[in-house]
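J.: Hey, dropping my_file.csv in here, CSV, N, CA and C atoms:
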chain,number,residue,atom,x,y,z
A,1,MET,N,1.3,61.9,49.8
A,1,MET,CA,2.3,61.1,50.5
A,1,MET,C,2.0,59.6,50.4
A,2,LYS,N,0.8,59.2,50.5
A,2,LYS,CA,0.4,57.8,50.3
A,2,LYS,C,0.7,57.3,48.9
A,3,ARG,N,0.4,58.2,47.9
A,3,ARG,CA,0.7,57.8,46.5
A,3,ARG,C,2.2,57.6,46.3
A,4,ARG,N,3.0,58.5,46.8
A,4,ARG,CA,4.5,58.3,46.6
A,4,ARG,C,5.0,57.0,47.3
A,5,PHE,N,4.4,56.7,48.4
A,5,PHE,CA,4.8,55.5,49.1
A,5,PHE,C,4.5,54.2,48.3
A,6,VAL,N,3.3,54.3,47.7
A,6,VAL,CA,2.9,53.1,46.8
A,6,VAL,C,3.7,53.0,45.6
A,7,ILE,N,4.0,54.2,45.0
A,7,ILE,CA,4.9,54.2,43.8
A,7,ILE,C,6.3,53.7,44.1
A,8,GLY,N,6.8,54.1,45.2
A,8,GLY,CA,8.1,53.7,45.7
A,8,GLY,C,8.2,52.2,46.0
A,9,LEU,N,7.1,51.7,46.6
A,9,LEU,CA,7.0,50.3,46.9
A,9,LEU,C,6.9,49.5,45.6
A,10,ALA,N,6.2,50.0,44.6
A,10,ALA,CA,6.0,49.3,43.3
A,10,ALA,C,7.4,49.3,42.6
A,11,LEU,N,8.1,50.4,42.6
A,11,LEU,CA,9.4,50.4,41.9
A,11,LEU,C,10.4,49.5,42.6
A,12,THR,N,10.4,49.4,43.9
A,12,THR,CA,11.3,48.5,44.6
A,12,THR,C,11.0,47.0,44.3
A,13,ALA,N,9.7,46.7,44.2
A,13,ALA,CA,9.3,45.3,43.9
A,13,ALA,C,9.7,45.0,42.4
A,14,PHE,N,9.6,46.0,41.5
A,14,PHE,CA,9.9,45.8,40.1
A,14,PHE,C,11.4,45.6,40.0
A,15,CYS,N,12.2,46.4,40.7
A,15,CYS,CA,13.7,46.3,40.6
A,15,CYS,C,14.1,44.9,41.2
A,16,GLY,N,13.5,44.5,42.3
A,16,GLY,CA,13.8,43.2,42.9
A,16,GLY,C,13.5,42.1,41.9
A,17,ALA,N,12.4,42.2,41.2
A,17,ALA,CA,12.0,41.1,40.3
A,17,ALA,C,13.0,41.1,39.1
A,18,LEU,N,13.5,42.2,38.7
A,18,LEU,CA,14.5,42.2,37.6
A,18,LEU,C,15.8,41.6,38.0
A,19,THR,N,16.2,41.7,39.3
A,19,THR,CA,17.5,41.1,39.7
A,19,THR,C,17.3,39.6,39.8
A,20,LEU,N,16.1,39.1,40.1
A,20,LEU,CA,15.9,37.7,40.2
A,20,LEU,C,15.8,37.0,38.9
A,21,ALA,N,15.4,37.8,37.9
A,21,ALA,CA,15.2,37.3,36.5
A,21,ALA,C,16.6,36.9,35.9
A,22,HIS,N,17.7,37.5,36.3
A,22,HIS,CA,19.0,37.3,35.7
A,22,HIS,C,19.7,36.1,36.4
A,23,ALA,N,19.2,35.7,37.5
A,23,ALA,CA,19.9,34.6,38.2
A,23,ALA,C,19.6,33.3,37.5
A,24,ARG,N,20.6,32.4,37.6
A,24,ARG,CA,20.4,31.0,37.1
A,24,ARG,C,20.6,30.0,38.2
A,25,PRO,N,19.9,28.9,38.1
A,25,PRO,CA,20.0,27.9,39.2
A,25,PRO,C,21.4,27.3,39.3
A,26,PRO,N,21.8,26.9,40.5
A,26,PRO,CA,23.1,26.3,40.6
A,26,PRO,C,23.4,25.0,39.9
A,27,THR,N,22.3,24.4,39.4
A,27,THR,CA,22.5,23.1,38.7
A,27,THR,C,22.9,23.4,37.2
A,28,VAL,N,22.8,24.6,36.7
A,28,VAL,CA,23.2,24.9,35.4
A,28,VAL,C,24.7,25.2,35.3
A,29,MET,N,25.5,24.4,34.6
A,29,MET,CA,26.9,24.7,34.5
A,29,MET,C,27.4,24.1,33.2
A,30,ASN,N,28.6,24.6,32.8
A,30,ASN,CA,29.2,24.1,31.6
A,30,ASN,C,29.7,22.7,31.8
A,31,SER,N,29.4,21.8,30.9
A,31,SER,CA,29.8,20.4,30.9
A,31,SER,C,30.7,20.1,29.7
A,32,PRO,N,32.0,20.0,29.8
A,32,PRO,CA,32.8,19.8,28.6
A,32,PRO,C,32.5,18.5,27.9
A,33,GLY,N,32.2,17.4,28.7
A,33,GLY,CA,31.8,16.1,28.1
A,33,GLY,C,30.6,16.2,27.3
A,34,TYR,N,29.6,16.9,27.8
A,34,TYR,CA,28.3,17.0,27.1
A,34,TYR,C,28.5,17.8,25.8
A,35,ASP,N,29.2,18.9,25.9
A,35,ASP,CA,29.5,19.8,24.8
A,35,ASP,C,30.2,19.0,23.7
A,36,ARG,N,31.2,18.2,24.1
A,36,ARG,CA,31.9,17.4,23.1
A,36,ARG,C,31.0,16.4,22.4
A,37,ARG,N,30.2,15.7,23.2
A,37,ARG,CA,29.3,14.7,22.5
A,37,ARG,C,28.3,15.4,21.6
A,38,LEU,N,27.8,16.6,22.0
A,38,LEU,CA,26.9,17.3,21.2
A,38,LEU,C,27.5,17.7,19.9
A,39,GLN,N,28.8,18.2,19.9
A,39,GLN,CA,29.5,18.6,18.7
A,39,GLN,C,29.7,17.3,17.8
A,40,GLU,N,30.1,16.2,18.4
A,40,GLU,CA,30.3,15.0,17.6
A,40,GLU,C,29.0,14.5,16.9
A,41,SER,N,27.9,14.6,17.7
A,41,SER,CA,26.6,14.2,17.0
A,41,SER,C,26.2,15.1,15.9
A,42,ARG,N,26.5,16.4,16.1
A,42,ARG,CA,26.1,17.4,15.1
A,42,ARG,C,27.0,17.2,13.9
A,43,SER,N,28.3,16.9,14.1
A,43,SER,CA,29.1,16.7,12.9
A,43,SER,C,28.7,15.4,12.2
A,44,GLN,N,28.3,14.3,12.9
A,44,GLN,CA,27.8,13.1,12.2
A,44,GLN,C,26.6,13.4,11.4
A,45,LEU,N,25.7,14.2,11.9
A,45,LEU,CA,24.5,14.6,11.2
A,45,LEU,C,24.9,15.4,9.9
A,46,GLY,N,25.9,16.2,10.0
A,46,GLY,CA,26.2,17.0,8.9
A,46,GLY,C,26.9,16.2,7.8
A,47,SER,N,27.6,15.1,8.2
A,47,SER,CA,28.3,14.4,7.2
A,47,SER,C,27.5,13.2,6.6
A,48,SER,N,26.4,12.9,7.2
A,48,SER,CA,25.5,11.8,6.7
A,48,SER,C,24.9,12.3,5.4
A,49,PRO,N,24.8,11.4,4.4
A,49,PRO,CA,24.2,11.7,3.1
A,49,PRO,C,22.7,11.7,3.3
A,50,THR,N,22.1,12.9,3.0
A,50,THR,CA,20.6,13.0,3.1
A,50,THR,C,20.1,13.3,1.7
A,51,VAL,N,19.1,12.7,1.3
A,51,VAL,CA,18.5,12.9,0.0
A,51,VAL,C,17.2,13.7,0.2
A,52,VAL,N,17.2,14.9,-0.4
A,52,VAL,CA,16.1,15.8,-0.3
A,52,VAL,C,15.5,15.9,-1.7
A,53,GLU,N,14.2,15.5,-1.8
A,53,GLU,CA,13.6,15.6,-3.1
A,53,GLU,C,13.0,17.0,-3.2
A,54,PRO,N,13.1,17.6,-4.4
A,54,PRO,CA,12.5,18.9,-4.6
A,54,PRO,C,11.0,18.9,-4.4
A,55,ALA,N,10.5,20.0,-3.9
A,55,ALA,CA,9.1,20.1,-3.6
A,55,ALA,C,8.4,20.3,-5.0
A,56,SER,N,7.3,19.6,-5.2
A,56,SER,CA,6.6,19.8,-6.4
A,56,SER,C,5.7,21.1,-6.3
A,57,PRO,N,5.5,21.8,-7.4
A,57,PRO,CA,4.7,23.0,-7.3
A,57,PRO,C,3.2,22.6,-7.0
A,58,PRO,N,2.6,23.5,-6.2
A,58,PRO,CA,1.2,23.2,-5.9
A,58,PRO,C,0.3,23.2,-7.1
A,59,VAL,N,-0.7,22.3,-7.1
A,59,VAL,CA,-1.7,22.2,-8.2
A,59,VAL,C,-2.6,23.4,-8.1
A,60,VAL,N,-2.7,24.1,-9.2
A,60,VAL,CA,-3.6,25.3,-9.2
A,60,VAL,C,-4.9,24.9,-10.0
A,61,LYS,N,-6.0,25.0,-9.3
A,61,LYS,CA,-7.3,24.7,-10.0
A,61,LYS,C,-7.7,26.0,-10.8
A,62,PRO,N,-8.3,25.8,-11.9
A,62,PRO,CA,-8.8,27.0,-12.7
A,62,PRO,C,-9.9,27.7,-11.9
A,63,LYS,N,-9.9,29.0,-11.9
A,63,LYS,CA,-11.0,29.7,-11.2
A,63,LYS,C,-12.3,29.7,-12.0
A,64,ARG,N,-13.4,29.6,-11.3
A,64,ARG,CA,-14.6,29.7,-12.0
A,64,ARG,C,-15.1,31.1,-12.1
A,65,SER,N,-15.6,31.5,-13.2
A,65,SER,CA,-16.1,32.9,-13.4
A,65,SER,C,-17.6,32.8,-13.2
A,66,LYS,N,-18.2,33.9,-12.7
A,66,LYS,CA,-19.6,34.0,-12.5
A,66,LYS,C,-20.2,34.2,-13.9
A,67,LYS,N,-21.4,33.6,-14.1
A,67,LYS,CA,-22.1,33.8,-15.3
A,67,LYS,C,-22.8,35.1,-15.3
A,68,LYS,N,-22.8,35.9,-16.4
A,68,LYS,CA,-23.5,37.1,-16.4
A,68,LYS,C,-24.9,36.9,-16.9
A,69,ARG,N,-25.8,37.5,-16.3
A,69,ARG,CA,-27.2,37.4,-16.8
A,69,ARG,C,-27.5,38.4,-17.9
A,70,ALA,N,-28.2,37.9,-18.9
A,70,ALA,CA,-28.5,38.7,-20.1
A,70,ALA,C,-29.7,39.6,-19.7
A,71,ARG,N,-29.6,40.9,-20.0
A,71,ARG,CA,-30.7,41.8,-19.7
A,71,ARG,C,-31.4,42.3,-20.9
Could you take the file, read its structure, and then write that structure out as structure tokens?

T.:
Amino acid sequence: MKRRFVIGLALTAFCGALTLAHARPPTVMNSPGYDRRLQESRSQLGSSPTVVEPASPPVVKPKRSKKKRAR
């Protein structure tokens, strides 16, 4: 009986935590002015000419081989 009560209490707490996780604070809202400025700044970044130099291949050093001892 005590074990069932503890399990039930744990499930209730878990379900309560899940419902709180989906809530968002009241200060979060859609702002059309912010969204418009964000889109404008992104479009300006996309139209600006950027020069990207190709990456040079990495320099590969020759591997040293172990010397074999003569027997």

J.: Rounded to one decimal place, report the atom CA of A:Gln44-atom CA of A:Met29 distance in Å.

T.: 25.2 Å

J.: Between atom CA of A:Lys2 and atom C of A:Gly16, measure the distance and give it in Å to one decimal.

T.: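 So the two atoms, atom CA of A:Lys2 and atom C of A:Gly16, lie 22.1 Å apart.
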
J.: Could you please determine the separation between atom C of A:Ser31 and atom C of A:Ser43 in Å, to one decimal place?

T.: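 Interatomic distance here is 18.2 Å.
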
J.: Centre and edge lengths, as AutoDock Vina command-line options, for the axis-aligned box enclosing every listed atom of stretch 50-63 of chain A with 8 Å of padding on each of the six sides, in Å to one decimal?

T.:
--center_x 4.9 --center_y 21.2 --center_z -4.8 --size_x 50.4 --size_y 33.0 --size_z 31.8
